[in-house]
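start-v8.cif (mmCIF, C-alpha atoms) appears below.
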```cif
data_my_file
#
loop_
_atom_site.label_atom_id
_atom_site.label_comp_id
_atom_site.auth_asym_id
_atom_site.auth_seq_id
_atom_site.Cartn_x
_atom_site.Cartn_y
_atom_site.Cartn_z
CA MET A 198 49.21 11.64 -20.30
CA LYS A 199 48.75 11.37 -16.57
CA ASN A 200 46.33 14.29 -16.47
CA ILE A 201 44.36 12.86 -19.38
CA PHE A 202 43.92 9.53 -17.59
CA TYR A 203 42.65 11.25 -14.44
CA LEU A 204 40.31 13.45 -16.47
CA VAL A 205 38.78 10.45 -18.25
CA ALA A 206 38.35 8.63 -14.94
CA LEU A 207 36.68 11.67 -13.42
CA VAL A 208 34.26 11.98 -16.34
CA VAL A 209 33.31 8.30 -16.13
CA LEU A 210 32.76 8.53 -12.39
CA ALA A 211 30.58 11.60 -12.85
CA SER A 212 28.49 9.76 -15.43
CA ALA A 213 27.60 7.15 -12.80
CA CYS A 214 25.59 9.75 -10.91
CA ILE A 215 22.20 11.30 -11.70
CA SER A 216 21.96 14.97 -10.83
CA ASN A 217 19.72 15.85 -7.88
CA LYS A 218 18.17 18.52 -10.06
CA ARG A 219 16.61 15.79 -12.19
CA ILE A 220 15.01 13.88 -9.33
CA THR A 221 14.08 16.54 -6.73
CA TYR A 222 10.47 17.67 -6.58
CA LEU A 223 9.23 21.26 -6.29
CA GLN A 224 12.38 23.25 -6.96
CA ASN A 225 12.55 26.97 -7.60
CA LEU A 226 13.59 26.79 -11.25
CA PRO A 227 15.68 29.66 -12.66
CA ASP A 228 13.13 30.83 -15.23
CA ASN A 229 10.33 31.23 -12.67
CA ALA A 230 9.68 33.70 -9.87
CA PRO A 231 10.87 31.98 -6.67
CA ILE A 232 8.26 30.68 -4.23
CA GLU A 233 9.57 30.93 -0.68
CA LEU A 234 8.83 28.64 2.25
CA ASP A 235 5.59 29.51 4.09
CA GLU A 236 4.45 31.63 1.14
CA PHE A 237 0.74 31.30 0.42
CA ILE A 238 0.08 29.74 -3.00
CA PRO A 239 -3.52 30.09 -4.23
CA TYR A 240 -4.98 27.25 -6.27
CA ALA A 241 -5.35 27.85 -9.98
CA THR A 242 -8.82 28.69 -11.25
CA VAL A 243 -9.92 25.72 -13.32
CA ASP A 244 -12.97 25.98 -15.55
CA TYR A 245 -13.49 22.25 -15.60
CA LYS A 246 -16.03 19.88 -14.11
CA TYR A 247 -15.89 16.16 -14.62
CA ILE A 248 -18.47 14.94 -17.11
CA LEU A 249 -19.89 11.48 -16.47
CA GLN A 250 -19.05 9.01 -19.21
CA PRO A 251 -20.15 5.53 -20.29
CA PHE A 252 -18.65 2.77 -18.12
CA ASP A 253 -18.22 5.10 -15.13
CA ILE A 254 -19.51 3.73 -11.82
CA VAL A 255 -21.58 6.03 -9.62
CA GLU A 256 -22.97 5.71 -6.14
CA ILE A 257 -26.64 6.67 -5.80
CA ASP A 258 -28.29 6.88 -2.38
CA PHE A 259 -31.87 7.90 -1.56
CA ALA A 260 -33.07 9.48 1.68
CA THR A 261 -36.44 10.63 2.95
CA SER A 262 -38.34 10.97 6.23
CA ASP A 263 -39.95 7.57 5.61
CA ALA A 264 -37.23 5.07 4.75
CA GLU A 265 -39.76 2.49 3.57
CA LEU A 266 -40.69 4.72 0.65
CA THR A 267 -37.26 4.39 -0.94
CA GLU A 268 -36.61 0.71 -0.26
CA ALA A 269 -38.09 -0.27 -3.61
CA PHE A 270 -35.62 2.01 -5.42
CA SER A 271 -32.52 0.37 -3.98
CA PHE A 272 -30.91 -2.93 -4.83
CA GLN A 273 -31.08 -5.54 -2.09
CA ASN A 274 -27.96 -6.38 -0.08
CA THR A 275 -26.06 -3.29 -1.19
CA GLN A 276 -24.93 -2.24 2.25
CA ARG A 277 -21.37 -0.99 2.30
CA VAL A 278 -18.76 -3.38 3.65
CA GLY A 279 -16.80 -1.98 6.57
CA GLY A 280 -16.78 1.56 5.24
CA LEU A 281 -14.82 2.78 2.26
CA GLY A 282 -12.57 5.21 4.11
CA VAL A 283 -10.64 7.94 2.38
CA GLY A 284 -7.42 6.16 1.55
CA GLY A 285 -6.23 4.91 -1.78
CA GLY A 286 -5.41 1.57 -3.26
CA SER A 287 -4.44 -0.04 -6.48
CA GLY A 288 -7.27 -1.40 -8.53
CA GLN A 289 -6.70 -5.05 -7.67
CA GLY A 290 -10.14 -6.05 -6.49
CA SER A 291 -10.21 -3.28 -3.88
CA ASP A 292 -13.23 -1.38 -5.18
CA PRO A 293 -16.48 -2.50 -3.48
CA LEU A 294 -18.51 0.00 -5.50
CA TYR A 295 -17.83 -2.11 -8.57
CA PHE A 296 -20.38 -4.50 -7.02
CA PHE A 297 -22.62 -2.02 -5.19
CA GLY A 298 -22.58 1.01 -7.49
CA TYR A 299 -24.55 1.85 -10.59
CA SER A 300 -22.64 1.31 -13.83
CA ILE A 301 -23.29 3.68 -16.73
CA ASP A 302 -23.86 1.58 -19.85
CA GLN A 303 -22.54 2.21 -23.35
CA GLU A 304 -25.57 4.37 -24.19
CA GLY A 305 -24.94 6.51 -21.10
CA ASN A 306 -27.77 5.18 -18.93
CA VAL A 307 -27.99 3.91 -15.37
CA GLU A 308 -30.79 1.51 -14.54
CA VAL A 309 -32.50 2.25 -11.24
CA PRO A 310 -35.14 -0.15 -9.85
CA LYS A 311 -38.68 1.11 -10.57
CA LEU A 312 -37.36 4.16 -12.40
CA GLY A 313 -35.85 2.24 -15.30
CA LYS A 314 -33.03 3.66 -17.41
CA ILE A 315 -31.98 7.27 -16.84
CA LYS A 316 -29.41 8.87 -19.12
CA ILE A 317 -26.77 10.69 -17.09
CA ALA A 318 -23.67 10.43 -19.30
CA GLY A 319 -22.71 13.88 -20.55
CA LEU A 320 -23.82 15.49 -17.26
CA THR A 321 -21.88 16.66 -14.24
CA GLU A 322 -22.45 14.93 -10.90
CA GLU A 323 -24.76 17.75 -9.76
CA GLU A 324 -26.77 17.69 -12.99
CA ALA A 325 -27.12 13.90 -12.82
CA LYS A 326 -28.21 14.13 -9.17
CA LEU A 327 -30.94 16.61 -10.03
CA LYS A 328 -32.15 14.47 -12.93
CA VAL A 329 -32.44 11.34 -10.78
CA GLU A 330 -34.15 13.40 -8.06
CA GLU A 331 -36.68 14.67 -10.59
CA GLU A 332 -37.43 11.13 -11.76
CA ILE A 333 -37.92 9.64 -8.28
CA ASN A 334 -39.94 12.57 -6.96
CA SER A 335 -42.53 11.97 -9.66
CA PHE A 336 -43.55 8.95 -7.53
CA PHE A 337 -43.99 10.77 -4.20
CA LYS A 338 -45.74 13.77 -2.75
CA GLU A 339 -42.89 14.46 -0.35
CA ASP A 340 -39.40 15.16 -1.58
CA VAL A 341 -36.77 12.44 -1.74
CA PHE A 342 -33.15 13.52 -1.42
CA VAL A 343 -30.66 11.90 -3.80
CA LYS A 344 -26.89 11.67 -3.32
CA LEU A 345 -24.97 10.83 -6.49
CA ARG A 346 -21.20 10.78 -6.90
CA ILE A 347 -18.51 8.90 -8.76
CA ALA A 348 -16.97 5.94 -6.98
CA GLY A 349 -13.59 7.46 -6.14
CA ILE A 350 -10.96 8.94 -8.44
CA ARG A 351 -9.64 6.30 -10.83
CA TYR A 352 -6.41 6.93 -12.67
CA THR A 353 -3.81 4.87 -14.53
CA THR A 354 -0.01 4.95 -14.23
CA LEU A 355 2.28 3.84 -17.06
CA GLY A 356 6.02 4.02 -17.68
CA GLU A 357 8.58 4.81 -14.99
CA PHE A 358 6.41 4.21 -11.93
CA ASN A 359 7.29 1.65 -9.27
CA SER A 360 3.72 0.38 -9.53
CA VAL A 361 1.87 0.63 -12.83
CA GLY A 362 -1.80 -0.06 -13.40
CA VAL A 363 -5.24 1.27 -12.50
CA ASN A 364 -5.45 2.95 -9.08
CA ILE A 365 -8.29 4.37 -7.02
CA ILE A 366 -8.23 7.14 -4.44
CA TYR A 367 -11.35 7.39 -2.30
CA LYS A 368 -11.46 11.17 -2.07
CA ASN A 369 -13.42 13.94 -3.74
CA ARG A 370 -10.16 15.65 -4.65
CA ALA A 371 -6.60 14.36 -5.02
CA THR A 372 -3.34 16.05 -5.96
CA ILE A 373 -0.75 14.77 -8.40
CA PHE A 374 1.44 13.91 -5.39
CA ASP A 375 -1.39 11.86 -3.85
CA ALA A 376 -1.41 9.90 -7.10
CA LEU A 377 2.38 9.46 -7.07
CA ALA A 378 2.43 8.27 -3.46
CA ASN A 379 -0.49 5.93 -4.11
CA SER A 380 1.44 4.42 -7.04
CA GLY A 381 4.63 3.66 -5.15
CA GLU A 382 6.48 6.76 -6.39
CA THR A 383 8.37 7.08 -9.68
CA SER A 384 11.53 5.17 -10.51
CA LEU A 385 14.92 6.81 -10.24
CA LEU A 386 15.21 7.05 -14.03
CA GLY A 387 11.85 8.65 -14.75
CA LYS A 388 11.81 12.05 -16.47
CA LYS A 389 10.15 13.96 -13.65
CA ASN A 390 10.26 17.14 -15.69
CA GLN A 391 8.13 15.58 -18.42
CA LEU A 392 5.14 13.82 -16.91
CA PHE A 393 2.33 13.39 -19.42
CA ILE A 394 -1.28 13.63 -18.27
CA ILE A 395 -3.76 12.14 -20.73
CA ARG A 396 -7.09 13.63 -19.70
CA GLN A 397 -10.59 12.86 -20.92
CA TYR A 398 -12.95 15.70 -21.70
CA ASP A 399 -16.53 15.71 -22.92
CA GLY A 400 -16.22 14.35 -26.45
CA GLY A 401 -12.47 13.82 -26.57
CA THR A 402 -9.02 13.64 -25.01
CA LYS A 403 -6.09 16.02 -24.50
CA ILE A 404 -2.44 15.35 -23.64
CA HIS A 405 -0.87 17.73 -21.13
CA GLN A 406 2.70 17.83 -19.80
CA ILE A 407 3.83 18.97 -16.35
CA ASN A 408 7.16 19.36 -14.57
CA LEU A 409 7.31 17.72 -11.14
CA ASN A 410 10.64 19.46 -10.47
CA ASP A 411 8.95 22.87 -10.67
CA ARG A 412 7.55 24.45 -7.50
CA ALA A 413 5.19 26.50 -9.66
CA LEU A 414 3.24 23.26 -10.19
CA LEU A 415 1.43 24.00 -6.92
CA ALA A 416 -0.40 26.85 -8.67
CA SER A 417 -0.96 24.88 -11.87
CA PRO A 418 -4.41 23.76 -13.09
CA PHE A 419 -2.94 20.24 -13.25
CA TYR A 420 -1.97 20.12 -9.57
CA PHE A 421 -5.17 18.13 -8.98
CA ILE A 422 -5.83 14.96 -10.94
CA GLN A 423 -9.20 14.15 -12.47
CA PRO A 424 -11.08 10.85 -12.76
CA ASN A 425 -9.78 8.61 -15.56
CA ASP A 426 -6.49 10.51 -15.94
CA ILE A 427 -3.62 8.50 -17.43
CA LEU A 428 -0.17 9.41 -16.05
CA TYR A 429 2.74 8.44 -18.26
CA MET A 430 6.40 9.05 -17.46
CA GLU A 431 9.14 8.45 -19.99
CA PRO A 432 12.54 7.03 -18.98
CA MET A 433 15.78 8.98 -19.21
CA LYS A 434 18.06 8.04 -22.11
CA ILE A 435 20.47 6.45 -19.64
CA ARG A 436 17.74 3.81 -19.11
CA GLN A 437 19.08 2.00 -22.19
CA ILE A 438 22.14 0.91 -20.18
CA GLY A 439 20.23 -0.81 -17.38
CA THR A 440 17.34 -0.68 -14.96
CA ALA A 441 16.93 1.76 -12.11
CA ASP A 442 17.77 -1.00 -9.64
CA ASN A 443 21.15 -1.96 -11.05
CA LEU A 444 22.24 0.94 -13.24
CA THR A 445 23.97 3.01 -10.56
CA ALA A 446 25.82 0.00 -9.18
CA SER A 447 26.85 -1.12 -12.67
CA LEU A 448 28.17 2.31 -13.63
CA ALA A 449 30.03 2.67 -10.34
CA LEU A 450 31.66 -0.74 -10.82
CA PHE A 451 32.61 0.10 -14.40
CA ALA A 452 34.02 3.48 -13.35
CA GLY A 453 36.05 1.87 -10.57
CA LEU A 454 37.52 -0.75 -12.90
CA LEU A 455 38.37 1.85 -15.51
CA ALA A 456 40.03 4.13 -12.95
CA SER A 457 42.09 1.21 -11.61
CA THR A 458 43.14 0.23 -15.12
CA LEU A 459 44.18 3.75 -15.98
CA LEU A 460 46.13 4.02 -12.73
CA MET A 461 48.01 0.78 -13.45
CA ILE A 462 48.84 1.92 -16.98
CA ASN A 463 50.09 5.19 -15.60
CA LEU A 464 52.33 3.39 -13.07
CA PHE A 465 53.81 1.05 -15.66
CA THR A 466 54.44 3.72 -18.25
CA GLY A 467 55.92 6.04 -15.64
CA ASN A 468 54.20 9.09 -17.17
#
```
Using structure tokens, write down the structure from this file.
Amino acid sequence: MKNIFYLVALVVLASACISNKRITYLQNLPDNAPIELDEFIPYATVDYKYILQPFDIVEIDFATSDAELTEAFSFQNTQRVGGLGVGGGSGQGSDPLYFFGYSIDQEGNVEVPKLGKIKIAGLTEEEAKLKVEEEINSFFKEDVFVKLRIAGIRYTTLGEFNSVGVNIIYKNRATIFDALANSGETSLLGKKNQLFIIRQYDGGTKIHQINLNDRALLASPFYFIQPNDILYMEPMKIRQIGTADNLTASLALFAGLLASTLLMINLFTGN
């Protein structure tokens, strides 16, 4: 009887802990070839370029040897405020290009002063740049250079993240770990081995799943996020007992009370 009581107490105490294997990033998992420290890991070859879509916001700048030639093609008072930098931020009014950029309408057009509506949805950034360049250069004898790019990498976090919502990273490229850090990390009870990436493609959407515990992720085509990705992390089943903030403390308290009760019973019974 005594041994049974101690065994039950030990099991309950063990259940109050979450294994490090479930919460540690970038492990060498048993089924994969190990990746050692300082080993060079080439990026995966990804045959994918972001296709501009309706409701995207793009930045379009014009440059030529005579700045006065392009003034008529720019909106007034669209100077950037204090520089955009390269950091990230949650989408809580922190995106100046919402006001200064060019929004692609539902039909896939941007409206540029003097040029009118130009359809760029369904094109890559480079293809859209060339199309706008072609339109504006029909007005001038000398070439006008156009810079066109999306206004940062927008993505959405849902589920077991410490901060959920729409986020923006002002970079041309961002990794999945940039996105996690920018979103306040995941909660303790998130299934890090089953992160869903809902990604938009030209004409549709796909759902992908990655394992943040796996070091092989560094060579995965999903190591870098794409604009408009949705990141969703499910909770562990243990989540039903409580939240990440109080679950460990609650289980530890319960385990302690149970162990004390079993010990008292053992003392009184004399077994």
**Prompt:** Excluding same-chain residues fewer than 5 positions from region 300-310 of chain A, what lies within 12 Å of it counting all atoms listed in the file, as a ChimeraX atom specification?
**Reply:** /A:248-259,267-273,294-295,315-320,325-326,328-330,332-333,345-348
**Asked** What does the PyMOL selection byres ((chain A and resi 379-384) around 7) select in this file, as JSON, numbers by chain?
**Response** {"A": [285, 286, 357, 358, 359, 360, 361, 375, 376, 377, 378, 385, 386, 387, 441]}
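Between CA of Arg412 (chain A) and CA of Leu392 (chain A) the separation is 14.4 Å.
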Need to verify the contact set: Glu331 (chain A), 10 Å, all atoms listed in the file, exclusion of same-chain residues closer than 6 positions in sequence. Can you return it as a short mmCIF file (atom, residue, chain, number, x, y, z; two decimals) with C-alpha atoms, in the frame of the given file?
```cif
data_model
loop_
_atom_site.label_atom_id
_atom_site.label_comp_id
_atom_site.auth_asym_id
_atom_site.auth_seq_id
_atom_site.Cartn_x
_atom_site.Cartn_y
_atom_site.Cartn_z
CA ALA A 325 -27.12 13.90 -12.82
CA ASP A 340 -39.40 15.16 -1.58
CA VAL A 341 -36.77 12.44 -1.74
CA PHE A 342 -33.15 13.52 -1.42
CA VAL A 343 -30.66 11.90 -3.80
#
```
**Asked** Could you work out how far CA of Arg351 (chain A) lies from CA of Asp426 (chain A), giving the answer in Å with one decimal?
**Response**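 These atoms are spaced 7.3 Å apart.
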**Complete:** Of A:Asn463, A:Ile350, A:Asn425, A:Leu454, the one nearest to Gln397 (chain A) when counting all atoms listed in the file is A:Asn425
Distance query Thr242 (chain A) at most 10 Å, only C-alpha atoms, self and fewer than 5 positions along chain excluded, as a tab-separated table (two decimals) with C-alpha atoms, keeping the file's coordinate frame:
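What landed in around_13.tsv:
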```
chain	number	residue	atom	x	y	z
A	416	ALA	CA	-0.40	26.85	-8.67
A	417	SER	CA	-0.96	24.88	-11.87
A	418	PRO	CA	-4.41	23.76	-13.09
```
**Item:** Hits from the PyMOL selection byres ((chain A and resi 217-221) around 8), listed as a list in words
**Value:** Ile215, Ser216, Tyr222, Leu223, Gln224, Leu385, Lys388, Lys389, Asn390 and Asn410 of chain A
**Asked** Which neighbours of Ile373 (chain A) fall inside 10 Å, counting only C-alpha atoms, when residues of the same chain fewer than 3 positions from it are skipped, and could you give them as a PyMOL selection string?
**Response** chain A and resi 376-379+394+409+414-415+419-423+428
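Here CA of Phe297 (chain A) is placed at a distance of 24.7 Å from CA of Ser335 (chain A).
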**Prompt:** So, counting all atoms listed in the file, which residue among A:Ala260, A:Val243, A:Ala456, A:Ile407 is closest to Ile395 (chain A)?
**Reply:**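 Under the stated criterion, the closest residue is A:Ile407.
Closest approach to Gly356 (chain A) among A:Tyr245, A:Phe337, A:Phe393, A:Tyr299 is made by A:Phe393 (distances from only C-alpha atoms).
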Box for region 329-339 of chain A - axis-aligned, 4 Å on each of the six sides, all listed atoms - centre and size in Å to one decimal, as JSON.
```
{"center_x": -39.1, "center_y": 11.8, "center_z": -6.1, "size_x": 21.3, "size_y": 13.7, "size_z": 19.4}
```
Any idea what's packed within 10 Å of Ile238 (chain A), counting all atoms listed in the file, ignoring anything in its chain fewer than 2 positions away? Could you give it as a compact mmCIF listing (two decimals) with C-alpha atoms, keeping the file's coordinate frame?
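Resulting contents of around_23.txt:
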```
# COMPACT_ATOMS: atom_id res chain seq x y z
CA ILE A 232 8.26 30.68 -4.23
CA GLU A 233 9.57 30.93 -0.68
CA ASP A 235 5.59 29.51 4.09
CA GLU A 236 4.45 31.63 1.14
CA TYR A 240 -4.98 27.25 -6.27
CA ALA A 241 -5.35 27.85 -9.98
CA ALA A 413 5.19 26.50 -9.66
CA LEU A 415 1.43 24.00 -6.92
CA ALA A 416 -0.40 26.85 -8.67
```
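The smallest atom-to-atom distance between Met430 (chain A) and any of A:Glu265, A:Gln391, A:Phe374, A:Tyr247, using all atoms listed in the file, is found for A:Gln391.
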**Proximity to Lys368 (chain A) - best of A:Gly453, A:Tyr398, A:Leu234, A:Gly349, all atoms listed in the file** =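 Smallest separation from Lys368 (chain A) among the options: A:Gly349.
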